[in-house]
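Structure file protein39.cif (mmCIF, C-alpha atoms) is printed below.
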```
data_upload
loop_
_atom_site.label_atom_id
_atom_site.label_comp_id
_atom_site.auth_asym_id
_atom_site.auth_seq_id
_atom_site.Cartn_x
_atom_site.Cartn_y
_atom_site.Cartn_z
CA MET A 291 -24.43 45.15 -14.29
CA THR A 292 -20.80 44.94 -15.36
CA VAL A 293 -18.69 41.78 -15.28
CA ASP A 294 -16.55 43.20 -12.50
CA THR A 295 -19.59 43.87 -10.36
CA ALA A 296 -20.92 40.33 -10.94
CA GLU A 297 -17.57 38.84 -9.98
CA GLU A 298 -17.46 41.01 -6.90
CA ILE A 299 -20.89 39.86 -5.84
CA ALA A 300 -19.99 36.22 -6.43
CA ALA A 301 -16.81 36.68 -4.37
CA GLN A 302 -18.77 38.25 -1.54
CA GLU A 303 -21.31 35.46 -1.66
CA PHE A 304 -18.58 32.85 -1.52
CA ALA A 305 -16.89 34.65 1.39
CA ARG A 306 -20.21 34.56 3.28
CA ILE A 307 -20.52 30.83 2.61
CA VAL A 308 -16.98 30.19 3.86
CA GLU A 309 -17.67 32.16 7.00
CA SER A 310 -20.94 30.41 7.77
CA HIS A 311 -19.99 26.82 6.83
CA ARG A 312 -16.33 26.61 7.83
CA PRO A 313 -17.00 25.51 11.44
CA GLN A 314 -19.28 22.65 10.34
CA ILE A 315 -16.90 21.39 7.66
CA PHE A 316 -13.99 21.59 10.09
CA ARG A 317 -15.97 19.83 12.82
CA PHE A 318 -16.98 17.02 10.46
CA LEU A 319 -13.38 16.52 9.29
CA LEU A 320 -12.09 16.72 12.86
CA SER A 321 -14.53 14.07 14.06
CA SER A 322 -13.65 11.88 11.06
CA LEU A 323 -9.88 12.21 11.38
CA ARG A 324 -9.29 13.17 15.05
CA ASP A 325 -6.35 15.25 13.76
CA ILE A 326 -6.62 19.03 14.18
CA ASP A 327 -3.86 19.95 11.70
CA LEU A 328 -5.12 17.57 9.06
CA ALA A 329 -8.71 18.71 9.57
CA GLU A 330 -7.58 22.32 9.08
CA THR A 331 -5.62 21.44 5.95
CA LEU A 332 -8.50 19.53 4.42
CA THR A 333 -10.94 22.31 5.34
CA GLN A 334 -8.72 24.76 3.46
CA GLU A 335 -8.53 22.38 0.51
CA CYS A 336 -12.28 21.93 0.57
CA PHE A 337 -12.92 25.67 0.26
CA LEU A 338 -10.17 26.05 -2.33
CA LYS A 339 -11.81 23.37 -4.44
CA ALA A 340 -15.22 24.92 -3.87
CA HIS A 341 -13.88 28.31 -4.95
CA ARG A 342 -12.43 26.86 -8.15
CA ASN A 343 -15.72 25.16 -8.98
CA TRP A 344 -18.02 27.85 -7.63
CA SER A 345 -19.14 28.78 -11.15
CA HIS A 346 -20.26 25.16 -11.72
CA PHE A 347 -22.39 25.07 -8.59
CA ARG A 348 -25.94 25.02 -9.93
CA GLY A 349 -27.74 25.05 -6.59
CA ASP A 350 -29.37 21.62 -7.06
CA SER A 351 -28.55 20.93 -3.42
CA SER A 352 -27.75 23.36 -0.63
CA ALA A 353 -24.28 24.88 -0.50
CA MET A 354 -23.71 23.00 2.74
CA THR A 355 -24.48 19.63 1.11
CA TRP A 356 -22.21 20.50 -1.82
CA LEU A 357 -19.37 21.49 0.50
CA MET A 358 -19.91 18.39 2.59
CA ARG A 359 -19.63 16.24 -0.55
CA ILE A 360 -16.28 17.86 -1.37
CA ALA A 361 -15.09 17.31 2.22
CA ILE A 362 -16.14 13.63 2.12
CA ASN A 363 -14.25 13.12 -1.14
CA LEU A 364 -11.14 14.81 0.25
CA GLN A 365 -11.32 12.62 3.32
CA LYS A 366 -11.68 9.51 1.13
CA ASP A 367 -8.68 10.57 -0.95
CA HIS A 368 -6.68 11.08 2.22
CA TRP A 369 -7.41 7.55 3.50
CA ARG A 370 -6.73 6.06 0.07
CA ASN A 371 -3.39 7.85 -0.19
CA ARG A 372 -2.41 6.67 3.26
CA ARG A 373 -3.23 3.09 2.30
CA ILE A 374 -1.19 3.35 -0.90
CA GLN A 375 1.76 5.10 0.77
CA PHE A 376 1.89 2.73 3.75
CA TRP A 377 5.64 2.34 3.23
CA ARG A 378 6.22 6.03 3.79
CA GLN A 379 6.82 7.43 7.19
CA THR A 380 3.32 8.56 7.99
CA ARG A 381 3.15 11.42 10.40
CA THR A 382 -0.14 11.51 12.15
CA ASN A 383 -1.26 13.84 14.89
CA ALA A 384 -4.51 12.00 15.50
CA VAL A 385 -5.35 12.17 19.16
CA ASP A 386 -6.26 8.98 20.99
CA LEU A 387 -9.80 8.28 22.06
CA ASP A 388 -9.24 9.19 25.72
CA GLU A 389 -8.02 12.64 24.78
CA ALA A 390 -10.92 13.14 22.38
CA SER A 391 -13.35 12.15 25.14
CA GLU A 392 -11.97 14.81 27.48
CA TRP A 393 -13.82 17.58 25.67
CA LEU A 394 -17.12 18.49 27.30
CA PRO A 395 -18.88 21.85 27.59
CA ASN A 396 -18.84 23.41 31.03
CA GLY A 397 -22.48 22.95 31.95
CA GLU A 398 -24.08 23.12 35.35
CA ARG A 399 -23.48 19.44 35.96
CA ASN A 400 -21.93 18.03 39.04
CA ALA A 401 -18.72 15.99 39.03
CA GLU A 402 -20.53 12.67 38.89
CA GLN A 403 -22.61 13.69 35.89
CA GLN A 404 -19.51 15.03 34.19
CA MET A 405 -17.75 11.72 34.73
CA LEU A 406 -20.72 9.75 33.42
CA ALA A 407 -20.96 11.98 30.35
CA ARG A 408 -17.23 11.57 29.70
CA GLU A 409 -17.54 7.83 29.97
CA GLN A 410 -20.43 7.79 27.50
CA VAL A 411 -18.49 9.96 25.05
CA ALA A 412 -15.55 7.57 25.30
CA GLN A 413 -17.84 4.63 24.60
CA VAL A 414 -19.33 6.35 21.54
CA TRP A 415 -15.79 7.13 20.29
CA GLN A 416 -14.90 3.48 20.78
CA ALA A 417 -17.93 2.48 18.70
CA VAL A 418 -17.08 5.05 16.01
CA LYS A 419 -13.57 3.67 15.82
CA GLY A 420 -14.95 0.25 14.94
CA LEU A 421 -17.17 1.54 12.12
CA SER A 422 -16.35 1.29 8.44
CA GLU A 423 -15.43 4.52 6.66
CA ARG A 424 -18.88 4.84 5.13
CA GLN A 425 -20.75 4.00 8.33
CA ARG A 426 -18.63 6.51 10.23
CA THR A 427 -19.34 9.25 7.69
CA VAL A 428 -23.08 8.61 7.77
CA PHE A 429 -23.12 8.37 11.57
CA LEU A 430 -21.18 11.63 12.06
CA LEU A 431 -23.26 13.51 9.50
CA ARG A 432 -26.41 12.42 11.30
CA TYR A 433 -25.52 12.68 14.98
CA VAL A 434 -22.84 15.39 15.00
CA GLU A 435 -23.79 17.53 12.02
CA GLU A 436 -27.50 16.76 12.44
CA ARG A 437 -28.15 16.46 8.73
CA GLU A 438 -31.40 15.09 7.30
CA LEU A 439 -31.30 11.64 5.71
CA SER A 440 -31.91 13.13 2.26
CA GLU A 441 -28.97 15.53 2.73
CA ILE A 442 -26.73 12.69 3.89
CA ALA A 443 -27.79 10.64 0.86
CA SER A 444 -27.04 13.57 -1.44
CA ALA A 445 -23.67 14.32 0.17
CA THR A 446 -22.48 10.72 0.19
CA GLY A 447 -24.00 9.67 -3.12
CA LEU A 448 -25.84 6.80 -1.44
CA SER A 449 -29.53 6.01 -1.56
CA GLU A 450 -31.60 6.86 1.52
CA GLY A 451 -32.18 3.16 2.12
CA THR A 452 -28.45 2.54 2.25
CA VAL A 453 -27.98 5.52 4.56
CA LYS A 454 -30.61 4.09 6.92
CA ALA A 455 -28.94 0.68 6.84
CA HIS A 456 -25.55 2.21 7.69
CA LEU A 457 -27.10 4.28 10.49
CA SER A 458 -28.82 1.23 11.89
CA ARG A 459 -25.58 -0.75 11.97
CA ALA A 460 -23.68 2.16 13.49
CA LEU A 461 -26.32 2.59 16.20
CA GLY A 462 -26.20 -1.13 16.89
CA ARG A 463 -22.50 -0.83 17.55
CA VAL A 464 -23.01 2.19 19.82
CA ARG A 465 -25.66 0.26 21.78
CA THR A 466 -23.33 -2.70 22.17
CA GLU A 467 -20.54 -0.43 23.36
CA LEU A 468 -22.80 1.38 25.84
CA ARG A 469 -24.07 -1.88 27.32
CA GLY A 470 -20.50 -2.96 27.79
CA PRO A 471 -19.18 -6.51 28.25
CA ARG A 472 -21.72 -8.75 29.96
CA MET B 214 -32.83 18.33 16.83
CA ASN B 215 -35.01 15.34 17.51
CA TRP B 216 -33.18 12.34 16.11
CA GLN B 217 -36.32 10.20 16.25
CA GLN B 218 -37.98 12.26 13.53
CA ASP B 219 -36.89 12.96 10.01
CA ARG B 220 -38.64 14.74 7.19
CA SER B 221 -37.56 12.15 4.68
CA GLY B 222 -38.82 9.10 6.55
CA GLU B 223 -38.24 6.75 9.39
CA ILE B 224 -34.93 6.31 11.06
CA PRO B 225 -33.95 3.64 13.54
CA ARG B 226 -35.52 4.07 16.99
CA ILE B 227 -33.13 5.26 19.67
CA GLU B 228 -33.42 4.41 23.36
CA PRO B 229 -33.14 7.33 25.86
CA GLU B 230 -29.79 6.03 27.13
CA VAL B 231 -28.31 5.96 23.62
CA GLU B 232 -29.84 9.34 22.80
CA GLN B 233 -28.26 10.81 25.92
CA ALA B 234 -24.87 9.38 24.97
CA LEU B 235 -25.18 10.76 21.44
CA LYS B 236 -26.04 14.23 22.81
CA HIS B 237 -22.97 14.14 25.02
CA PHE B 238 -20.92 13.03 22.04
CA LYS B 239 -22.16 15.93 19.93
CA ALA B 240 -21.59 18.41 22.76
CA SER B 241 -18.06 17.05 23.16
CA MET B 242 -17.37 17.38 19.44
CA ASP B 243 -18.71 20.95 19.41
CA ALA B 244 -16.50 21.91 22.35
CA TRP B 245 -13.41 20.31 20.84
CA SER B 246 -14.03 21.84 17.41
CA ASP B 247 -14.63 25.33 18.84
CA ALA B 248 -11.48 25.10 20.94
CA ALA B 249 -9.44 23.89 17.95
CA LEU B 250 -10.73 26.67 15.71
CA SER B 251 -9.94 29.37 18.23
CA ARG B 252 -6.51 28.09 19.25
CA PRO B 253 -3.46 30.15 18.33
CA ARG B 254 -1.73 28.90 15.19
CA THR B 255 1.83 27.69 15.48
CA ALA B 256 4.37 26.99 12.79
CA THR B 257 5.87 23.95 14.50
CA HIS B 258 4.37 21.58 11.96
CA ALA B 259 5.89 23.46 9.05
CA ALA B 260 9.22 23.68 10.84
CA VAL B 261 9.40 19.97 11.53
CA ARG B 262 8.31 18.67 8.16
CA PRO B 263 11.28 19.87 6.04
CA ALA B 264 13.72 18.23 8.44
CA ALA B 265 11.83 14.95 8.23
CA ALA B 266 11.63 15.30 4.47
CA GLY B 267 15.38 16.04 4.36
CA TRP B 268 16.17 12.88 6.29
CA ARG B 269 13.89 10.86 4.07
CA MET B 270 15.51 12.29 0.96
CA ALA B 271 19.02 11.62 2.31
CA ALA B 272 18.06 8.05 3.15
CA SER B 273 16.57 7.57 -0.31
CA TRP B 274 19.73 8.93 -1.93
CA ALA B 275 21.94 6.69 0.20
CA LEU B 276 19.85 3.65 -0.65
CA GLY B 277 19.89 4.59 -4.33
CA CYS B 278 23.68 4.99 -4.28
CA VAL B 279 24.13 1.61 -2.61
CA VAL B 280 21.94 -0.05 -5.24
CA VAL B 281 23.80 1.64 -8.13
CA MET B 282 27.23 0.82 -6.64
CA GLY B 283 26.15 -2.76 -6.07
CA SER B 284 24.99 -3.09 -9.67
CA LEU B 285 28.24 -1.61 -11.00
CA ALA B 286 30.37 -3.84 -8.79
CA GLY B 287 28.38 -6.87 -9.93
CA ALA B 288 28.84 -5.94 -13.59
CA VAL B 289 32.61 -5.38 -13.18
CA HIS B 290 32.97 -8.67 -11.29
CA GLU B 291 31.09 -10.49 -14.06
CA ILE B 292 33.34 -8.99 -16.77
CA VAL B 293 36.54 -9.84 -14.87
CA HIS B 294 35.26 -13.37 -14.21
CA ARG B 295 34.51 -13.90 -17.90
CA GLN B 296 37.93 -12.60 -18.93
CA GLU B 297 39.57 -14.93 -16.42
CA MET B 298 37.57 -17.89 -17.72
CA ALA B 299 38.51 -17.04 -21.33
CA ARG B 300 42.20 -16.79 -20.35
CA ILE B 301 42.10 -20.17 -18.59
CA ALA B 302 40.33 -21.75 -21.59
CA ALA B 303 42.96 -20.34 -23.99
CA GLN B 304 45.72 -21.58 -21.72
CA LYS B 305 44.22 -25.06 -21.63
CA THR B 306 43.80 -25.15 -25.39
CA ALA B 307 47.40 -24.09 -25.90
CA GLN B 308 48.58 -26.71 -23.40
CA LYS B 309 46.52 -29.40 -25.13
CA THR B 310 47.90 -28.45 -28.52
CA ALA B 311 51.43 -28.56 -27.15
CA GLU B 312 50.81 -31.99 -25.65
CA GLU B 313 49.40 -33.27 -28.94
CA ARG B 314 52.45 -31.96 -30.78
CA THR B 315 54.81 -33.72 -28.42
CA ALA B 316 52.72 -36.93 -28.47
CA ALA B 317 52.41 -37.11 -32.29
CA PRO B 318 56.07 -38.15 -33.06
CA GLN B 319 55.94 -40.94 -30.46
CA VAL B 320 52.70 -42.36 -31.97
CA THR B 321 54.23 -42.42 -35.47
CA ALA B 322 57.52 -43.87 -34.29
CA GLN B 323 56.08 -46.97 -32.58
CA PRO B 324 54.60 -48.95 -35.58
CA THR B 325 57.63 -48.75 -37.94
CA GLY B 326 60.53 -49.00 -35.59
CA VAL B 327 62.96 -49.03 -38.56
CA GLN B 328 63.78 -45.45 -39.25
CA PRO B 329 65.18 -43.11 -36.64
CA VAL B 330 62.59 -40.85 -35.04
CA SER B 331 64.35 -37.66 -35.98
CA ALA B 332 64.50 -38.61 -39.64
CA GLN B 333 60.82 -39.63 -39.73
CA SER B 334 59.62 -36.48 -37.91
CA ASP B 335 61.53 -34.37 -40.33
CA LYS B 336 59.43 -35.70 -43.20
CA LYS B 337 55.98 -35.35 -41.47
CA THR B 338 53.59 -32.61 -42.40
CA PRO B 339 51.02 -31.27 -39.86
CA ALA B 340 48.21 -32.90 -41.85
CA ASP B 341 49.85 -36.31 -41.48
CA THR B 342 50.25 -35.74 -37.76
CA MET B 343 46.59 -34.82 -37.35
CA ARG B 344 45.48 -37.83 -39.38
CA LYS B 345 47.53 -40.16 -37.24
CA VAL B 346 46.31 -38.59 -34.00
CA SER B 347 42.69 -39.00 -35.09
CA ALA B 348 43.38 -42.62 -36.10
CA ALA B 349 44.86 -43.28 -32.65
CA GLN B 350 41.80 -41.67 -31.03
CA ASP B 351 39.49 -43.83 -33.18
CA SER B 352 41.24 -47.00 -32.19
CA ALA B 353 41.12 -46.00 -28.51
CA SER B 354 37.40 -45.32 -28.71
CA ALA B 355 36.82 -48.65 -30.52
CA GLN B 356 38.64 -50.40 -27.69
CA ASP B 357 36.44 -48.62 -25.16
CA GLU B 358 33.29 -49.67 -26.99
CA ASN B 359 34.42 -53.30 -27.07
CA LEU B 360 35.17 -53.18 -23.38
CA LEU B 361 31.77 -51.65 -22.57
CA ALA B 362 29.99 -54.27 -24.72
CA SER B 363 31.71 -57.10 -22.89
CA VAL B 364 30.84 -55.49 -19.52
CA ASP B 365 27.20 -55.15 -20.63
CA SER B 366 27.00 -58.76 -21.62
CA ASP B 367 28.60 -59.80 -18.31
CA VAL B 368 26.11 -57.71 -16.42
CA SER B 369 23.20 -59.09 -18.42
CA ARG B 370 24.36 -62.64 -17.73
CA GLY B 371 24.48 -61.86 -14.04
CA VAL B 372 20.75 -60.91 -13.88
CA PRO B 373 18.35 -62.73 -11.56
CA ALA B 374 16.41 -65.76 -12.78
CA ALA B 375 13.26 -63.74 -13.36
CA MET B 376 15.08 -61.55 -15.92
CA GLU B 377 16.69 -64.48 -17.71
CA PRO B 378 14.37 -64.42 -20.79
CA LEU B 379 15.13 -60.75 -21.31
CA ALA B 380 18.88 -61.40 -21.02
CA ALA B 381 18.61 -64.22 -23.55
CA LEU B 382 16.77 -61.90 -25.91
CA MET B 383 19.55 -59.33 -25.60
CA ASP B 384 22.16 -62.05 -26.35
CA ASP B 385 20.20 -62.99 -29.47
CA ASN B 386 20.17 -59.40 -30.58
CA GLU B 387 23.90 -59.13 -30.06
CA THR B 388 24.62 -62.25 -32.13
CA GLN B 389 22.43 -60.99 -34.94
#
```
I need this file expressed as structure tokens, please.
Amino acid sequence: MTVDTAEEIAAQEFARIVESHRPQIFRFLLSSLRDIDLAETLTQECFLKAHRNWSHFRGDSSAMTWLMRIAINLQKDHWRNRRIQFWRQTRTNAVDLDEASEWLPNGERNAEQQMLAREQVAQVWQAVKGLSERQRTVFLLRYVEERELSEIASATGLSEGTVKAHLSRALGRVRTELRGPR
Amino acid sequence: MNWQQDRSGEIPRIEPEVEQALKHFKASMDAWSDAALSRPRTATHAAVRPAAAGWRMAASWALGCVVVMGSLAGAVHEIVHRQEMARIAAQKTAQKTAEERTAAPQVTAQPTGVQPVSAQSDKKTPADTMRKVSAAQDSASAQDENLLASVDSDVSRGVPAAMEPLAALMDDNETQ
């Protein structure tokens, strides 16, 4: 096999990975940032970074976990930069929670069920808003991306025990929000 | 996916109500993400950003210019102020010297009173004048010291009865 052929195969493999994992990475970043443009930009950056380091990917974890780790780091960098550059005019297109809660698949539910579902989604968003950055990441990876605890631990660089603790706290907040003020 | 089970171990138990809410949340996120991915791309963001960046840059330049101009104006003002102060100081010195020159013949004329002033001033050298001026200053300062000493002693004598021993001690010191 020639070098050109090997490079071609690697490029094809990477293109397949981009195609199959792009929606998940975008969805994770969108749920973390609530900003479509920013989520798109960071998704592009994530795959650009992955492409540059593709030769270093040893396959210790799945490609999805590796990509998710890059996305988490990019997201962290973004928040850090925003904190540092607080004096700059920060343009954000993050949608508010009500708008984010409007999205629901068109199922066979009646209007009342739709309204109830929308209300629950809004309450979960409210709970997510109150979570720390780490808790939010763990929560979204588990309940939106449906990752295993070991995958979440690998992607975030935390131990499984810590992941469980963060999940537990995040769920506690969701419960509190769903019960509402008593 | 069943959120109650996990290959890697236990996870916190979830009540049906919470599980339902989480499923709705995931469904909502999926719908939003799919819609966002399939939306037509617009270049509005790119079109707006340079204008905002231009304004920011212009504002930065304006602020920078104001700071630089302010610094320069401050420096110029400081230099002019110093020059003015130096000029006033030189003027005062010259005035003082002139006064001393005019005062010197009068000081020398008073003690003798025999020779005419014009004749005596003709013979005086600048060194003599300076010596006499300093002698006059010394005598004036000696007079001041004597006056202050007498005031001190008056004040010390006027102290209350409780301070009397201390005043007496000071008198003793003065006599010694």
Any idea which chain B residues end up within 6 Å of chain A if we count all atoms listed in the file, as a PDB file with C-alpha atoms, in the frame of the given file please?
```pdb
ATOM      1  CA  PRO B 225     -33.950   3.640  13.540  1.00  0.00           C
ATOM      2  CA  ALA B 234     -24.870   9.380  24.970  1.00  0.00           C
ATOM      3  CA  PHE B 238     -20.920  13.030  22.040  1.00  0.00           C
ATOM      4  CA  LYS B 239     -22.160  15.930  19.930  1.00  0.00           C
ATOM      5  CA  SER B 241     -18.060  17.050  23.160  1.00  0.00           C
ATOM      6  CA  ALA B 244     -16.500  21.910  22.350  1.00  0.00           C
ATOM      7  CA  TRP B 245     -13.410  20.310  20.840  1.00  0.00           C
ATOM      8  CA  SER B 246     -14.030  21.840  17.410  1.00  0.00           C
TER       9      SER B 246
END
```
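Among the candidate residues A:Ala301, A:Leu328, A:Ile315, A:Ala460, the one lying nearest to Arg342 in chain A is A:Ala301, with distances computed using all atoms listed in the file.
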At what distance in Å, to one decimal, does CA of Ser322 in chain A lie from CA of Val418 in chain A?
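Computing the Euclidean distance for CA of Val418 in chain A and CA of Ser322 in chain A yields 9.1 Å.
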Decode the PyMOL selection byres ((chain A and resi 423) around 12) for the given file into explicit residues and return them as an mmCIF file with C-alpha atoms, in the coordinates of the input.
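Full text of expr_31.cif as output:
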```cif
data_model
loop_
_atom_site.group_PDB
_atom_site.id
_atom_site.type_symbol
_atom_site.label_atom_id
_atom_site.label_comp_id
_atom_site.auth_asym_id
_atom_site.auth_seq_id
_atom_site.Cartn_x
_atom_site.Cartn_y
_atom_site.Cartn_z
ATOM 1 C CA SER A 322 -13.650 11.880 11.060
ATOM 2 C CA LEU A 323 -9.880 12.210 11.380
ATOM 3 C CA ILE A 362 -16.140 13.630 2.120
ATOM 4 C CA ASN A 363 -14.250 13.120 -1.140
ATOM 5 C CA GLN A 365 -11.320 12.620 3.320
ATOM 6 C CA LYS A 366 -11.680 9.510 1.130
ATOM 7 C CA ASP A 367 -8.680 10.570 -0.950
ATOM 8 C CA HIS A 368 -6.680 11.080 2.220
ATOM 9 C CA TRP A 369 -7.410 7.550 3.500
ATOM 10 C CA ARG A 370 -6.730 6.060 0.070
ATOM 11 C CA VAL A 418 -17.080 5.050 16.010
ATOM 12 C CA LYS A 419 -13.570 3.670 15.820
ATOM 13 C CA GLY A 420 -14.950 0.250 14.940
ATOM 14 C CA LEU A 421 -17.170 1.540 12.120
ATOM 15 C CA SER A 422 -16.350 1.290 8.440
ATOM 16 C CA ARG A 424 -18.880 4.840 5.130
ATOM 17 C CA GLN A 425 -20.750 4.000 8.330
ATOM 18 C CA ARG A 426 -18.630 6.510 10.230
ATOM 19 C CA THR A 427 -19.340 9.250 7.690
ATOM 20 C CA VAL A 428 -23.080 8.610 7.770
ATOM 21 C CA PHE A 429 -23.120 8.370 11.570
ATOM 22 C CA LEU A 430 -21.180 11.630 12.060
ATOM 23 C CA THR A 446 -22.480 10.720 0.190
ATOM 24 C CA HIS A 456 -25.550 2.210 7.690
ATOM 25 C CA ALA A 460 -23.680 2.160 13.490
#
```
Mind pulling up the distance from CA of Thr342 in chain B to CA of Glu312 in chain B?
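CA of Glu312 in chain B sits 12.7 Å away from CA of Thr342 in chain B.
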As a check of understanding: the span from CA of Met343 in chain B to CA of Gln308 in chain B is 16.3 Å
Would you kindly return, as a list in words, each protein, DNA or RNA residue with an atom no farther than 12 Å from any atom of Asp350 in chain A, considering all atoms listed in the file and excluding same-chain residues fewer than 6 positions away?
Trp356, Glu441, Ser444 and Ala445 of chain A
Atoms to include: C-alpha atoms. Write the selected residues as a PDB file, keeping the file's coordinate frame.
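part_35.pdb was written with the following content:
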```
ATOM      1  CA  TRP A 356     -22.210  20.500  -1.820  1.00  0.00           C
ATOM      2  CA  GLU A 441     -28.970  15.530   2.730  1.00  0.00           C
ATOM      3  CA  SER A 444     -27.040  13.570  -1.440  1.00  0.00           C
ATOM      4  CA  ALA A 445     -23.670  14.320   0.170  1.00  0.00           C
TER       5      ALA A 445
END
```
Repaired coordinates for range 342-353 of chain A (N, CA and C atoms) as a PDB file, keeping the file's coordinate frame:
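Written output follows (out_38.pdb):
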```pdb
ATOM      1  N   ARG A 342     -12.768  27.117  -6.738  1.00  0.00           N
ATOM      2  CA  ARG A 342     -12.430  26.860  -8.150  1.00  0.00           C
ATOM      3  C   ARG A 342     -13.667  26.448  -8.948  1.00  0.00           C
ATOM      4  N   ASN A 343     -14.553  25.690  -8.271  1.00  0.00           N
ATOM      5  CA  ASN A 343     -15.720  25.160  -8.980  1.00  0.00           C
ATOM      6  C   ASN A 343     -17.004  25.925  -8.661  1.00  0.00           C
ATOM      7  N   TRP A 344     -16.849  27.083  -8.068  1.00  0.00           N
ATOM      8  CA  TRP A 344     -18.020  27.850  -7.630  1.00  0.00           C
ATOM      9  C   TRP A 344     -18.935  28.181  -8.805  1.00  0.00           C
ATOM     10  N   SER A 345     -18.330  28.428  -9.968  1.00  0.00           N
ATOM     11  CA  SER A 345     -19.140  28.780 -11.150  1.00  0.00           C
ATOM     12  C   SER A 345     -19.972  27.585 -11.633  1.00  0.00           C
ATOM     13  N   HIS A 346     -19.516  26.358 -11.278  1.00  0.00           N
ATOM     14  CA  HIS A 346     -20.260  25.160 -11.720  1.00  0.00           C
ATOM     15  C   HIS A 346     -21.360  24.773 -10.733  1.00  0.00           C
ATOM     16  N   PHE A 347     -21.385  25.419  -9.581  1.00  0.00           N
ATOM     17  CA  PHE A 347     -22.390  25.070  -8.590  1.00  0.00           C
ATOM     18  C   PHE A 347     -23.753  25.593  -9.057  1.00  0.00           C
ATOM     19  N   ARG A 348     -24.652  24.635  -9.331  1.00  0.00           N
ATOM     20  CA  ARG A 348     -25.940  25.020  -9.930  1.00  0.00           C
ATOM     21  C   ARG A 348     -27.024  25.230  -8.876  1.00  0.00           C
ATOM     22  N   GLY A 349     -26.746  24.873  -7.657  1.00  0.00           N
ATOM     23  CA  GLY A 349     -27.740  25.050  -6.590  1.00  0.00           C
ATOM     24  C   GLY A 349     -28.772  23.937  -6.546  1.00  0.00           C
ATOM     25  N   ASP A 350     -28.444  22.757  -7.137  1.00  0.00           N
ATOM     26  CA  ASP A 350     -29.370  21.620  -7.060  1.00  0.00           C
ATOM     27  C   ASP A 350     -29.563  21.185  -5.604  1.00  0.00           C
ATOM     28  N   SER A 351     -28.464  21.215  -4.859  1.00  0.00           N
ATOM     29  CA  SER A 351     -28.550  20.930  -3.420  1.00  0.00           C
ATOM     30  C   SER A 351     -28.106  22.201  -2.694  1.00  0.00           C
ATOM     31  N   SER A 352     -28.192  22.164  -1.379  1.00  0.00           N
ATOM     32  CA  SER A 352     -27.750  23.360  -0.630  1.00  0.00           C
ATOM     33  C   SER A 352     -26.226  23.467  -0.702  1.00  0.00           C
ATOM     34  N   ALA A 353     -25.736  24.674  -0.461  1.00  0.00           N
ATOM     35  CA  ALA A 353     -24.280  24.880  -0.500  1.00  0.00           C
ATOM     36  C   ALA A 353     -23.587  24.005   0.541  1.00  0.00           C
TER      37      ALA A 353
END
```
